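Source file: start12.txt. Holds: compact mmCIF, C-alpha atoms.
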# COMPACT_ATOMS: atom_id res chain seq x y z
CA MET A 6 -35.08 36.40 3.54
CA LYS A 7 -37.89 33.87 3.68
CA TYR A 8 -37.59 31.27 6.46
CA ILE A 9 -35.06 33.50 8.22
CA ASP A 10 -36.60 36.92 8.95
CA GLU A 11 -39.85 35.60 10.46
CA TYR A 12 -37.83 33.46 12.90
CA ARG A 13 -35.96 36.55 14.06
CA SER A 14 -39.05 38.58 15.00
CA SER A 15 -38.46 40.28 18.34
CA GLN A 16 -42.21 40.22 19.13
CA ARG A 17 -42.33 36.44 18.79
CA CYS A 18 -39.07 36.00 20.69
CA LYS A 19 -40.44 38.07 23.59
CA LYS A 20 -43.46 35.76 23.85
CA ILE A 21 -41.28 32.69 24.27
CA VAL A 22 -38.95 34.45 26.69
CA SER A 23 -41.98 35.31 28.85
CA LEU A 24 -43.02 31.65 28.86
CA ILE A 25 -39.52 30.56 29.89
CA ASN A 26 -39.49 33.14 32.68
CA GLU A 27 -42.76 31.76 34.05
CA PHE A 28 -41.12 28.44 34.98
CA ASP A 29 -40.66 28.18 38.74
CA LEU A 30 -37.08 26.91 38.74
CA LYS A 31 -36.10 25.97 42.28
CA LYS A 32 -32.48 25.28 41.40
CA GLY A 33 -30.14 25.87 38.49
CA ILE A 34 -30.33 23.65 35.42
CA ASN A 35 -27.54 22.92 32.94
CA LEU A 36 -28.43 22.83 29.25
CA MET A 37 -25.80 21.82 26.73
CA GLU A 38 -25.97 23.25 23.23
CA VAL A 39 -24.24 20.42 21.41
CA CYS A 40 -23.69 22.37 18.20
CA GLY A 41 -21.24 25.24 17.80
CA THR A 42 -23.64 27.10 15.52
CA HIS A 43 -26.17 27.17 18.38
CA THR A 44 -23.52 28.64 20.70
CA ALA A 45 -22.50 31.20 18.07
CA ASN A 46 -26.07 32.36 17.40
CA PHE A 47 -26.97 32.31 21.09
CA PHE A 48 -24.32 34.97 21.69
CA ARG A 49 -24.68 36.76 18.36
CA PHE A 50 -28.36 37.48 18.99
CA GLY A 51 -27.81 38.30 22.67
CA LEU A 52 -30.23 35.63 23.87
CA LYS A 53 -28.40 34.88 27.10
CA LYS A 54 -29.32 38.13 28.83
CA LEU A 55 -33.03 37.53 28.09
CA LEU A 56 -33.14 34.30 30.05
CA PRO A 57 -33.24 33.45 33.78
CA ASN A 58 -29.89 33.16 35.57
CA LYS A 59 -30.89 29.74 36.81
CA ILE A 60 -30.52 28.30 33.30
CA ASN A 61 -26.85 27.62 32.71
CA PHE A 62 -25.65 27.08 29.18
CA ILE A 63 -22.75 24.78 28.43
CA SER A 64 -21.08 24.61 25.02
CA GLY A 65 -20.64 21.10 23.70
CA PRO A 66 -18.30 19.27 21.33
CA GLY A 67 -20.21 20.18 18.15
CA CYS A 68 -17.55 22.10 16.28
CA PRO A 69 -15.79 19.77 13.82
CA VAL A 70 -12.74 21.98 13.62
CA CYS A 71 -12.35 22.06 17.41
CA VAL A 72 -12.45 18.28 17.76
CA SER A 73 -10.02 17.60 14.90
CA HIS A 74 -7.10 15.87 16.56
CA GLN A 75 -3.67 17.48 16.60
CA SER A 76 -2.24 14.39 14.88
CA TYR A 77 -4.73 14.88 12.02
CA ILE A 78 -3.49 18.44 11.43
CA ASP A 79 0.10 17.11 11.56
CA LYS A 80 -0.77 14.53 8.90
CA ALA A 81 -2.37 17.18 6.69
CA ILE A 82 0.73 19.38 7.04
CA GLU A 83 2.99 16.42 6.20
CA LEU A 84 0.89 15.69 3.09
CA SER A 85 1.10 19.32 2.00
CA LYS A 86 4.92 19.12 1.96
CA ASN A 87 4.68 16.65 -0.93
CA LYS A 88 5.10 18.67 -4.12
CA ASP A 89 2.82 16.27 -6.01
CA ILE A 90 -0.09 17.06 -3.69
CA ILE A 91 -2.56 19.95 -3.55
CA ILE A 92 -4.53 20.16 -0.31
CA ALA A 93 -8.16 21.30 -0.59
CA THR A 94 -9.93 22.21 2.63
CA PHE A 95 -12.78 24.10 4.26
CA GLY A 96 -11.38 27.47 5.37
CA ASP A 97 -11.93 26.89 9.11
CA MET A 98 -9.20 24.23 9.20
CA LEU A 99 -6.42 26.57 8.14
CA ARG A 100 -5.57 28.12 11.50
CA VAL A 101 -6.00 25.08 13.75
CA PRO A 102 -2.69 24.50 15.51
CA GLY A 103 -0.93 21.19 14.92
CA THR A 104 2.08 20.16 17.00
CA ASN A 105 4.56 22.54 15.34
CA ALA A 106 2.58 24.55 12.82
CA SER A 107 -0.80 25.16 11.24
CA LEU A 108 -1.87 24.74 7.62
CA GLU A 109 -1.90 28.54 7.36
CA LYS A 110 1.76 28.77 8.41
CA GLN A 111 2.56 25.94 6.03
CA ARG A 112 0.83 27.77 3.20
CA SER A 113 2.83 30.92 3.89
CA GLN A 114 5.91 28.83 3.11
CA GLY A 115 4.64 28.22 -0.39
CA THR A 116 2.84 24.88 -0.21
CA ASP A 117 -0.30 24.53 -2.31
CA ILE A 118 -3.24 24.57 0.12
CA ARG A 119 -6.55 25.77 -1.28
CA ILE A 120 -9.79 26.76 0.42
CA VAL A 121 -12.94 25.34 -1.14
CA TYR A 122 -16.62 25.95 -0.37
CA SER A 123 -17.73 22.46 -1.38
CA CYS A 124 -15.94 19.15 -1.71
CA LEU A 125 -17.18 19.19 -5.32
CA ASP A 126 -14.87 22.16 -5.95
CA SER A 127 -11.89 19.93 -5.26
CA LEU A 128 -13.05 17.65 -8.09
CA ASP A 129 -12.84 20.65 -10.43
CA ILE A 130 -9.27 21.23 -9.27
CA ALA A 131 -8.53 17.53 -9.91
CA LYS A 132 -9.86 17.80 -13.47
CA LYS A 133 -7.73 20.87 -14.17
CA ARG A 134 -4.54 19.62 -12.48
CA LYS A 135 -4.14 16.05 -13.69
CA ASP A 136 -0.41 16.28 -12.90
CA LYS A 137 -1.19 16.57 -9.16
CA LYS A 138 -2.94 14.54 -6.49
CA ILE A 139 -5.76 16.51 -4.85
CA VAL A 140 -6.32 15.65 -1.19
CA PHE A 141 -9.51 16.97 0.42
CA LEU A 142 -9.44 17.21 4.22
CA GLY A 143 -12.48 15.15 5.17
CA VAL A 144 -13.69 16.64 8.43
CA GLY A 145 -17.24 17.22 9.56
CA PHE A 146 -20.27 15.72 11.21
CA GLU A 147 -23.27 13.94 9.70
CA THR A 148 -24.30 17.16 7.91
CA THR A 149 -21.11 17.23 5.87
CA SER A 150 -20.14 13.57 5.44
CA PRO A 151 -22.89 12.78 2.84
CA THR A 152 -21.67 15.68 0.67
CA ILE A 153 -18.20 14.16 0.66
CA ALA A 154 -19.50 10.62 0.08
CA ALA A 155 -21.49 11.97 -2.89
CA THR A 156 -18.34 13.62 -4.27
CA ILE A 157 -16.46 10.32 -4.00
CA LEU A 158 -19.26 8.56 -5.91
CA THR A 159 -19.04 11.26 -8.61
CA ALA A 160 -15.26 10.82 -8.80
CA ARG A 161 -15.72 7.08 -9.21
CA LYS A 162 -18.39 7.56 -11.90
CA GLU A 163 -16.27 10.08 -13.82
CA ARG A 164 -13.12 7.95 -13.33
CA ILE A 165 -11.20 10.80 -11.68
CA LYS A 166 -8.06 9.07 -10.42
CA ASN A 167 -6.22 11.99 -8.78
CA PHE A 168 -8.80 12.86 -6.10
CA PHE A 169 -8.36 11.60 -2.51
CA ILE A 170 -9.61 12.38 0.96
CA LEU A 171 -7.98 12.31 4.38
CA PRO A 172 -10.91 11.06 6.46
CA SER A 173 -11.70 12.18 10.00
CA PHE A 174 -15.50 12.31 10.02
CA LYS A 175 -17.23 12.30 13.35
CA LEU A 176 -20.64 11.23 14.62
CA ILE A 177 -22.51 13.33 17.16
CA PRO A 178 -24.67 10.86 19.16
CA PRO A 179 -21.70 8.69 20.32
CA ALA A 180 -19.95 11.86 21.57
CA MET A 181 -23.08 12.84 23.54
CA LYS A 182 -23.10 9.39 25.13
CA ALA A 183 -19.38 9.64 25.92
CA LEU A 184 -19.99 12.93 27.77
CA LEU A 185 -22.76 11.36 29.84
CA LYS A 186 -20.57 8.36 30.67
CA ASP A 187 -17.92 10.88 31.78
CA LYS A 188 -20.50 12.15 34.29
CA VAL A 189 -20.65 15.64 32.83
CA ASN A 190 -23.44 17.44 34.68
CA ILE A 191 -26.08 18.01 31.99
CA ASP A 192 -29.85 18.25 32.51
CA GLY A 193 -30.82 18.55 28.86
CA PHE A 194 -29.38 18.52 25.34
CA LEU A 195 -30.19 21.12 22.70
CA CYS A 196 -29.52 18.83 19.73
CA PRO A 197 -28.02 20.01 16.45
CA GLY A 198 -30.64 20.88 13.82
CA HIS A 199 -28.64 20.32 10.68
CA VAL A 200 -27.01 17.07 11.78
CA SER A 201 -30.58 15.97 12.54
CA THR A 202 -31.84 16.80 9.02
CA ILE A 203 -29.69 13.81 8.02
CA ILE A 204 -29.98 11.41 10.99
CA GLY A 205 -33.52 12.22 12.17
CA LEU A 206 -34.78 11.65 15.71
CA ARG A 207 -34.04 7.99 16.27
CA PRO A 208 -30.32 8.16 17.24
CA TYR A 209 -31.22 10.38 20.21
CA GLU A 210 -33.90 8.02 21.52
CA ASP A 211 -31.61 5.72 23.49
CA ILE A 212 -29.78 8.77 24.89
CA ALA A 213 -33.06 10.21 26.22
CA ALA A 214 -34.35 6.86 27.50
CA GLY A 215 -31.03 5.30 28.62
CA TYR A 216 -29.66 8.33 30.45
CA LYS A 217 -33.03 9.88 31.36
CA ILE A 218 -32.11 13.16 29.75
CA PRO A 219 -34.36 15.40 27.63
CA CYS A 220 -33.23 15.97 24.04
CA VAL A 221 -34.71 18.74 21.86
CA ILE A 222 -33.67 19.19 18.24
CA ALA A 223 -33.70 22.90 17.41
CA GLY A 224 -33.14 25.17 14.43
CA PHE A 225 -30.67 28.04 14.48
CA GLU A 226 -32.68 31.25 14.33
CA PRO A 227 -33.33 33.07 17.64
CA LEU A 228 -36.94 31.88 17.74
CA ASP A 229 -35.85 28.27 17.18
CA ILE A 230 -33.20 28.39 19.90
CA LEU A 231 -35.57 30.03 22.40
CA GLU A 232 -38.37 27.57 21.67
CA GLY A 233 -35.87 24.71 22.00
CA ILE A 234 -34.84 26.04 25.44
CA TYR A 235 -38.52 26.38 26.40
CA MET A 236 -39.23 22.77 25.36
CA LEU A 237 -36.19 21.46 27.26
CA THR A 238 -37.07 23.37 30.43
CA ARG A 239 -40.68 22.19 30.19
CA GLN A 240 -39.50 18.56 30.05
CA ILE A 241 -37.15 19.08 33.01
CA MET A 242 -39.97 20.66 35.07
CA LYS A 243 -42.28 17.75 34.26
CA LYS A 244 -39.45 15.27 34.96
CA GLU A 245 -39.72 13.88 31.44
CA ALA A 246 -36.91 12.61 29.22
CA ARG A 247 -38.00 12.43 25.59
CA VAL A 248 -36.79 13.41 22.15
CA GLU A 249 -38.71 16.42 20.84
CA ASN A 250 -38.34 18.15 17.52
CA GLN A 251 -38.63 21.95 17.44
CA TYR A 252 -37.16 22.17 13.91
CA ILE A 253 -40.16 20.53 12.22
CA ARG A 254 -39.76 22.56 9.03
CA ALA A 255 -36.45 20.81 8.25
CA VAL A 256 -36.11 17.65 10.36
CA GLU A 257 -38.12 14.53 9.60
CA HIS A 258 -38.37 11.56 11.95
CA ASN A 259 -36.21 9.37 9.73
CA GLY A 260 -33.89 12.17 8.64
CA ASN A 261 -32.81 12.13 5.01
CA PRO A 262 -32.83 8.47 3.84
CA ALA A 263 -31.10 9.30 0.52
CA ALA A 264 -28.22 10.99 2.36
CA LEU A 265 -27.94 8.11 4.84
CA LYS A 266 -27.84 5.65 1.94
CA ILE A 267 -24.95 7.56 0.34
CA ILE A 268 -23.05 7.62 3.66
CA ASN A 269 -23.54 3.86 4.13
CA LYS A 270 -22.46 3.11 0.60
CA VAL A 271 -19.09 4.83 0.96
CA PHE A 272 -18.25 4.81 4.68
CA LYS A 273 -18.14 2.37 7.55
CA VAL A 274 -18.38 3.23 11.24
CA SER A 275 -15.06 3.28 13.09
CA PHE A 276 -13.50 4.56 16.31
CA GLU A 277 -12.39 8.16 16.15
CA ASN A 278 -9.96 10.27 18.14
CA TRP A 279 -11.59 13.50 19.38
CA ARG A 280 -9.32 16.34 20.37
CA GLY A 281 -9.62 16.96 24.08
CA ILE A 282 -12.02 14.06 24.59
CA GLY A 283 -10.01 11.07 23.38
CA LYS A 284 -10.89 7.92 21.49
CA ILE A 285 -14.60 7.12 21.27
CA ASP A 286 -15.75 3.80 19.91
CA LYS A 287 -18.00 3.87 16.82
CA SER A 288 -17.86 7.66 16.66
CA GLY A 289 -16.35 8.15 13.22
CA LEU A 290 -16.53 7.19 9.57
CA ARG A 291 -13.82 5.63 7.42
CA LEU A 292 -13.85 4.56 3.77
CA LYS A 293 -15.21 1.11 3.05
CA ASP A 294 -12.80 -1.31 1.38
CA ALA A 295 -14.52 -0.78 -1.99
CA PHE A 296 -13.51 2.92 -1.84
CA ILE A 297 -10.13 2.59 -0.15
CA ASP A 298 -8.33 3.79 -3.31
CA PHE A 299 -9.62 7.28 -2.41
CA ASP A 300 -7.85 7.21 0.97
CA ALA A 301 -4.91 9.65 1.19
CA GLU A 302 -3.50 7.85 4.26
CA LYS A 303 -1.41 5.70 1.91
CA PHE A 304 0.73 8.72 0.96
CA ILE A 305 1.89 9.08 4.58
CA SER A 306 1.77 5.47 5.74
CA GLY A 307 4.98 5.65 7.81
CA PHE A 308 4.28 9.08 9.31
CA LYS A 309 3.93 9.37 13.09
CA SER A 310 2.80 12.61 14.66
CA LYS A 311 5.30 13.89 17.23
CA ILE A 312 2.94 15.08 19.93
CA THR A 313 5.43 15.52 22.75
CA SER A 314 3.30 16.83 25.56
CA GLU A 315 -0.24 17.67 26.46
CA GLU A 316 -1.60 20.85 24.98
CA LYS A 317 -1.15 23.88 27.18
CA CYS A 318 -4.71 25.05 26.88
CA ARG A 319 -7.82 23.46 28.38
CA CYS A 320 -9.82 23.02 25.17
CA GLY A 321 -10.65 19.45 26.16
CA GLU A 322 -12.37 20.55 29.34
CA VAL A 323 -14.19 23.32 27.44
CA LEU A 324 -15.40 20.82 24.83
CA LYS A 325 -16.73 18.53 27.54
CA GLY A 326 -18.51 21.43 29.24
CA LEU A 327 -16.42 20.99 32.40
CA ILE A 328 -15.15 24.57 32.43
CA ARG A 329 -16.10 27.82 30.76
CA PRO A 330 -13.48 29.43 28.51
CA LYS A 331 -12.66 32.20 31.00
CA GLU A 332 -11.70 29.60 33.63
CA CYS A 333 -8.64 28.72 31.52
CA LYS A 334 -5.67 30.82 32.66
CA TYR A 335 -4.53 31.40 29.07
CA PHE A 336 -7.89 32.79 27.89
CA ARG A 337 -7.48 36.42 26.71
CA ARG A 338 -4.02 36.61 28.34
CA VAL A 339 -2.01 34.39 26.01
CA CYS A 340 -4.68 32.77 23.89
CA SER A 341 -6.65 34.94 21.47
CA PRO A 342 -8.04 34.59 17.94
CA GLN A 343 -4.82 36.22 16.68
CA ASN A 344 -2.66 33.79 18.65
CA PRO A 345 -4.74 30.68 19.37
CA LEU A 346 -3.28 27.97 21.60
CA GLY A 347 -6.09 25.56 20.84
CA PRO A 348 -8.78 24.96 18.23
CA CYS A 349 -11.65 26.31 20.37
CA MET A 350 -10.20 29.80 19.91
CA VAL A 351 -9.76 29.38 16.14
CA SER A 352 -13.13 28.43 14.78
CA SER A 353 -16.09 30.79 14.45
CA GLU A 354 -18.04 28.03 16.22
CA GLY A 355 -15.46 27.33 18.91
CA ALA A 356 -16.60 28.19 22.44
CA CYS A 357 -13.45 30.15 23.32
CA GLY A 358 -13.59 32.24 20.15
CA ILE A 359 -17.27 32.99 20.73
CA TYR A 360 -16.76 33.95 24.40
CA TYR A 361 -13.76 36.07 23.37
CA ARG A 362 -15.90 38.02 20.91
CA TYR A 363 -19.11 38.42 22.88
CA GLU A 364 -18.49 38.13 26.63
CA LYS A 365 -17.75 41.30 28.57
CA LEU A 366 -14.25 41.68 29.94
CA MET B 27 -19.43 24.37 10.11
CA CYS B 28 -22.85 22.71 9.92
CA LEU B 29 -24.32 25.97 8.64
CA ALA B 30 -27.08 25.58 6.08
CA VAL B 31 -29.12 28.32 4.42
CA PRO B 32 -32.70 28.11 3.06
CA LEU B 33 -32.66 29.11 -0.62
CA GLU B 34 -35.29 28.98 -3.37
CA ILE B 35 -34.92 26.73 -6.42
CA VAL B 36 -35.44 28.65 -9.68
CA LYS B 37 -34.23 26.04 -12.18
CA ILE B 38 -33.43 22.32 -12.21
CA LYS B 39 -31.06 20.54 -14.58
CA GLY B 40 -30.26 16.91 -13.84
CA GLU B 41 -28.91 16.55 -10.33
CA PHE B 42 -28.21 20.29 -10.02
CA ALA B 43 -30.55 23.14 -9.16
CA GLU B 44 -30.07 26.87 -9.52
CA VAL B 45 -30.94 28.75 -6.34
CA LYS B 46 -31.47 32.44 -5.72
CA ILE B 47 -29.28 34.43 -3.34
CA GLY B 48 -30.52 38.01 -3.62
CA LYS B 49 -29.88 38.91 -7.23
CA LYS B 50 -27.29 36.19 -7.71
CA ARG B 51 -27.70 32.55 -8.71
CA MET B 52 -25.80 29.54 -7.41
CA SER B 53 -25.64 25.92 -8.52
CA VAL B 54 -26.51 23.32 -5.87
CA ASN B 55 -26.36 19.53 -6.06
CA ILE B 56 -29.81 18.10 -5.26
CA GLN B 57 -29.14 14.36 -5.57
CA MET B 58 -30.07 13.84 -1.90
CA LEU B 59 -33.58 15.25 -2.49
CA SER B 60 -35.51 13.12 -4.92
CA ASP B 61 -38.66 15.27 -4.95
CA ALA B 62 -37.15 18.78 -5.21
CA LYS B 63 -38.99 21.08 -7.56
CA ILE B 64 -38.92 24.70 -8.73
CA GLY B 65 -40.22 27.04 -6.03
CA ASP B 66 -39.10 24.78 -3.17
CA TYR B 67 -36.85 26.18 -0.49
CA ILE B 68 -33.94 23.89 0.22
CA LEU B 69 -31.34 23.90 2.98
CA VAL B 70 -27.98 24.33 1.29
CA HIS B 71 -24.81 23.11 2.97
CA ALA B 72 -21.39 22.98 1.26
CA GLY B 73 -22.87 22.99 -2.25
CA PHE B 74 -25.50 20.32 -1.58
CA ALA B 75 -29.18 20.41 -0.66
CA ILE B 76 -29.50 18.44 2.56
CA GLN B 77 -33.25 18.88 3.14
CA ARG B 78 -36.36 20.60 1.82
CA ILE B 79 -38.11 23.20 4.00
CA ASP B 80 -41.63 21.99 4.70
CA PRO B 81 -43.85 25.09 4.26
CA VAL B 82 -46.76 23.64 6.30
CA ASN B 83 -44.57 22.83 9.28
CA ALA B 84 -42.75 26.17 8.93
CA LYS B 85 -46.10 27.94 9.34
CA LYS B 86 -47.13 25.64 12.18
CA THR B 87 -44.14 26.76 14.29
CA LEU B 88 -45.03 30.44 13.76
CA ASP B 89 -48.77 29.91 14.33
CA LEU B 90 -48.16 28.24 17.67
CA ILE B 91 -46.05 31.17 18.81
CA ASN B 92 -48.51 33.73 17.47
CA GLU B 93 -51.19 32.16 19.69
CA ILE B 94 -49.24 32.97 22.87
CA HIS B 95 -50.60 36.08 24.57
Go ahead and express the file in the form of structure tokens.
Amino acid sequence: MKYIDEYRSSQRCKKIVSLINEFDLKKGINLMEVCGTHTANFFRFGLKKLLPNKINFISGPGCPVCVSHQSYIDKAIELSKNKDIIIATFGDMLRVPGTNASLEKQRSQGTDIRIVYSCLDSLDIAKKRKDKKIVFLGVGFETTSPTIAATILTARKERIKNFFILPSFKLIPPAMKALLKDKVNIDGFLCPGHVSTIIGLRPYEDIAAGYKIPCVIAGFEPLDILEGIYMLTRQIMKKEARVENQYIRAVEHNGNPAALKIINKVFKVSFENWRGIGKIDKSGLRLKDAFIDFDAEKFISGFKSKITSEEKCRCGEVLKGLIRPKECKYFRRVCSPQNPLGPCMVSSEGACGIYYRYEKL
Amino acid sequence: MCLAVPLEIVKIKGEFAEVKIGKKRMSVNIQMLSDAKIGDYILVHAGFAIQRIDPVNAKKTLDLINEIH
């Protein structure tokens, strides 16, 4: 396929690998791939074994499913028990464990939970099932939130009254800052390409300047990831800390202004609770007052999640890059994709799930 | 979850475009791309076009790598 195959050429990849191997690294460096899709493709294409041992790769918090708080899943499950409600969700959310169950377990008990590819699909359900309230589970980063804002604007325009969302949108740059404030040992960020198609380069500038840490936005094909790693290592060797854009075919300096305008029309910035990381100020999006009638929170206003104890697994530490999945005592022994204790094992972009699939025993 | 795939526009009708996936066609909302036209490759995420692939910059990345010996 065009714009995919040519960025998977082994000849071209070898050239970049040879450049990376030429760097005279005196000590180990830690690069964080912020986005789960980077981690997934890094393993899927076997890039790790091509690179010097001195470059350590740390998976970051960039998997929306993994950072969805337990209490959010509990709320979604509570909503699904209401016979007047149909839940519409991206498929990844189904198996994430809440306090007592997952949406998948709930669905097996007969509740109406439907997987959709696009938020727009839930509008089609709303048009067909006027006797029900359709609640879309609004999770995702800056890549996804404009698609949901646009759907809300369509619902308003078409006067669809039975469509709602349960918002838990998250913003990537505040999470990167939170990790640095937490003194996580990172020498460079491989920044998420598709989030950046929307937000552009600017939000990373105060991270690079303020924390003196190189940031390189990269695409997701092997060539993109390798070139991103080369650019990061080059900055580290030169003791620079700038924002660079490897993904020039898709990321513009100002991102996508039309998408940003749609986000700002519908959402306002709020604090958000990240699973395993905690509350981060100004790291989420909630509906503006003018769109509050789309908020499904009102259907469960008195509901309190009964999180009784800390989660058994160490997903939080994995998400912060403090430990690797195999350092958790439950990894592979108790926790597996068939029986996940935490969200990092569930999602195709979760670090634990990826390590489970690709790392040697 | 932030996966997006580059697909070619073959038809445009209002704020929707038809894109080619092999022999199949899919409808994509293009309201976030004001200048999208037939023949463009767009990055498709969750039923929406989030950005247009810039062919000049796409070639630039490959050319730079091709120059490495």
Residues near segment 204-210 of chain A, anyone? I mean within 6 Å using only C-alpha atoms, not counting same-chain ones fewer than 6 positions away, as number ranges by chain.
A: 257-260
Taking all atoms listed in the file into account, which of B:Leu29, B:Ala62, B:Val70, B:Val36 comes nearest chain A?
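So, comparing all the options, the nearest one is B:Leu29.
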For a quick check of understanding, using all atoms listed in the file, which of A:Ile191, A:Met6, A:Leu52, A:Ile130 has the smallest distance to Ile34 of chain A?
A:Ile191
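Of the residues listed (A:Asn26, A:Asn61, A:Ser123, A:Gln251), A:Gln251 shows the shortest atom-to-atom separation from Ile91 of chain B; distances use only C-alpha atoms.
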Which value, in Å to one decimal, gives the distance between atom CA of Leu59 of chain B and atom CA of Val256 of chain A?
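Here the two named atoms are 13.3 Å from each other.
Atom to atom, atom CA of Lys334 of chain A and atom CA of Gly355 of chain A stand 17.2 Å apart.
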Hey, could you make a per-residue contact list for chain B against chain A with 10 Å as the cut-off, showing the nearest pair of atoms and its distance in Å to one decimal, counting all atoms listed in the file, sorted by chain and number, as JSON lines?
{"residue": "B:Met27", "atom": "CA", "partner": "A:Cys68", "partner_atom": "CA", "distance": 6.8}
{"residue": "B:Cys28", "atom": "CA", "partner": "A:Thr148", "partner_atom": "CA", "distance": 6.1}
{"residue": "B:Leu29", "atom": "CA", "partner": "A:Thr42", "partner_atom": "CA", "distance": 7.0}
{"residue": "B:Ala30", "atom": "CA", "partner": "A:His199", "partner_atom": "CA", "distance": 7.2}
{"residue": "B:Val31", "atom": "CA", "partner": "A:Ile9", "partner_atom": "CA", "distance": 8.7}
{"residue": "B:Pro32", "atom": "CA", "partner": "A:Tyr8", "partner_atom": "CA", "distance": 6.7}
{"residue": "B:Leu33", "atom": "CA", "partner": "A:Lys7", "partner_atom": "CA", "distance": 8.3}
{"residue": "B:Glu34", "atom": "CA", "partner": "A:Lys7", "partner_atom": "CA", "distance": 9.0}
{"residue": "B:Ile47", "atom": "CA", "partner": "A:Met6", "partner_atom": "CA", "distance": 9.2}
{"residue": "B:Gly48", "atom": "CA", "partner": "A:Met6", "partner_atom": "CA", "distance": 8.6}
{"residue": "B:Val54", "atom": "CA", "partner": "A:Ser123", "partner_atom": "CA", "distance": 9.9}
{"residue": "B:Asn55", "atom": "CA", "partner": "A:Thr152", "partner_atom": "CA", "distance": 9.1}
{"residue": "B:Gln57", "atom": "CA", "partner": "A:Ala263", "partner_atom": "CA", "distance": 8.2}
{"residue": "B:Met58", "atom": "CA", "partner": "A:Ala263", "partner_atom": "CA", "distance": 5.2}
{"residue": "B:Leu59", "atom": "CA", "partner": "A:Ala263", "partner_atom": "CA", "distance": 7.1}
{"residue": "B:Ser60", "atom": "CA", "partner": "A:Ala263", "partner_atom": "CA", "distance": 8.0}
{"residue": "B:Tyr67", "atom": "CA", "partner": "A:Tyr8", "partner_atom": "CA", "distance": 8.6}
{"residue": "B:Ile68", "atom": "CA", "partner": "A:Ala255", "partner_atom": "CA", "distance": 9.0}
{"residue": "B:Leu69", "atom": "CA", "partner": "A:Ala255", "partner_atom": "CA", "distance": 8.0}
{"residue": "B:His71", "atom": "CA", "partner": "A:Thr149", "partner_atom": "CA", "distance": 7.5}
{"residue": "B:Ala72", "atom": "CA", "partner": "A:Ser123", "partner_atom": "CA", "distance": 4.5}
{"residue": "B:Gly73", "atom": "CA", "partner": "A:Ser123", "partner_atom": "CA", "distance": 5.2}
{"residue": "B:Phe74", "atom": "CA", "partner": "A:Thr152", "partner_atom": "CA", "distance": 6.4}
{"residue": "B:Ala75", "atom": "CA", "partner": "A:Thr152", "partner_atom": "CA", "distance": 9.0}
{"residue": "B:Ile76", "atom": "CA", "partner": "A:Thr202", "partner_atom": "CA", "distance": 7.1}
{"residue": "B:Gln77", "atom": "CA", "partner": "A:Ala255", "partner_atom": "CA", "distance": 6.3}
{"residue": "B:Arg78", "atom": "CA", "partner": "A:Ala255", "partner_atom": "CA", "distance": 6.4}
{"residue": "B:Ile79", "atom": "CA", "partner": "A:Ala255", "partner_atom": "CA", "distance": 5.2}
{"residue": "B:Asp80", "atom": "CA", "partner": "A:Arg254", "partner_atom": "CA", "distance": 4.8}
{"residue": "B:Pro81", "atom": "CA", "partner": "A:Arg254", "partner_atom": "CA", "distance": 6.8}
{"residue": "B:Val82", "atom": "CA", "partner": "A:Arg254", "partner_atom": "CA", "distance": 7.6}
{"residue": "B:Asn83", "atom": "CA", "partner": "A:Arg254", "partner_atom": "CA", "distance": 4.8}
{"residue": "B:Ala84", "atom": "CA", "partner": "A:Arg254", "partner_atom": "CA", "distance": 4.7}
{"residue": "B:Lys85", "atom": "CA", "partner": "A:Arg254", "partner_atom": "CA", "distance": 8.3}
{"residue": "B:Lys86", "atom": "CA", "partner": "A:Arg254", "partner_atom": "CA", "distance": 8.6}
{"residue": "B:Thr87", "atom": "CA", "partner": "A:Ile253", "partner_atom": "CA", "distance": 7.7}
{"residue": "B:Leu88", "atom": "CA", "partner": "A:Tyr12", "partner_atom": "CA", "distance": 7.9}
{"residue": "B:Ile91", "atom": "CA", "partner": "A:Arg17", "partner_atom": "CA", "distance": 6.5}
{"residue": "B:Asn92", "atom": "CA", "partner": "A:Arg17", "partner_atom": "CA", "distance": 6.9}
{"residue": "B:Glu93", "atom": "CA", "partner": "A:Lys20", "partner_atom": "CA", "distance": 9.5}
{"residue": "B:Ile94", "atom": "CA", "partner": "A:Lys20", "partner_atom": "CA", "distance": 6.5}
{"residue": "B:His95", "atom": "CA", "partner": "A:Lys20", "partner_atom": "CA", "distance": 7.2}
Just checking: using all atoms listed in the file, which residue out of A:Leu55, A:Val248, A:Ile282, A:Ile218 ends up closest to Leu327 of chain A?
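Of the candidates, the smallest distance to Leu327 of chain A is held by A:Ile282.
Our summary of the geometry notes that atom CA of Asn35 of chain A is positioned 12.6 Å from atom CA of Arg329 of chain A.
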Find the residues near Ile25 of chain A: any atom within 6 Å, counting all atoms listed in the file, skip ones fewer than 3 places away on the same chain, and give them as a ChimeraX atom specification.
/A:22,28,235
As AutoDock Vina command-line options, please report the centre and edge lengths, rounded to one decimal in Å, of the axis-aligned box that holds all listed atoms of segment 71-88 of chain B with 6 Å of padding on each of the six sides.
--center_x -34.3 --center_y 24.4 --center_z 6.0 --size_x 37.7 --size_y 24.0 --size_z 28.5
Contacts of Val72 of chain A at 8 Å or less, counting only C-alpha atoms, minus same-chain residues fewer than 6 places along, as number ranges by chain?
A: 66, 279-281, 348
Using all atoms listed in the file, what table do you get, as a tab-separated table, when you list each residue of segment 130-232 of chain A with an atom no more than 9 Å from segment 291-294 of chain A, its nearest pair of atoms, and their distance in Å rounded to one decimal, rows by chain then rising number?
residue	atom	partner	partner_atom	distance
A:Pro172	CA	A:Arg291	CA	6.2
A:Ser173	CA	A:Arg291	CA	7.4
A:Phe174	CA	A:Arg291	CA	7.4
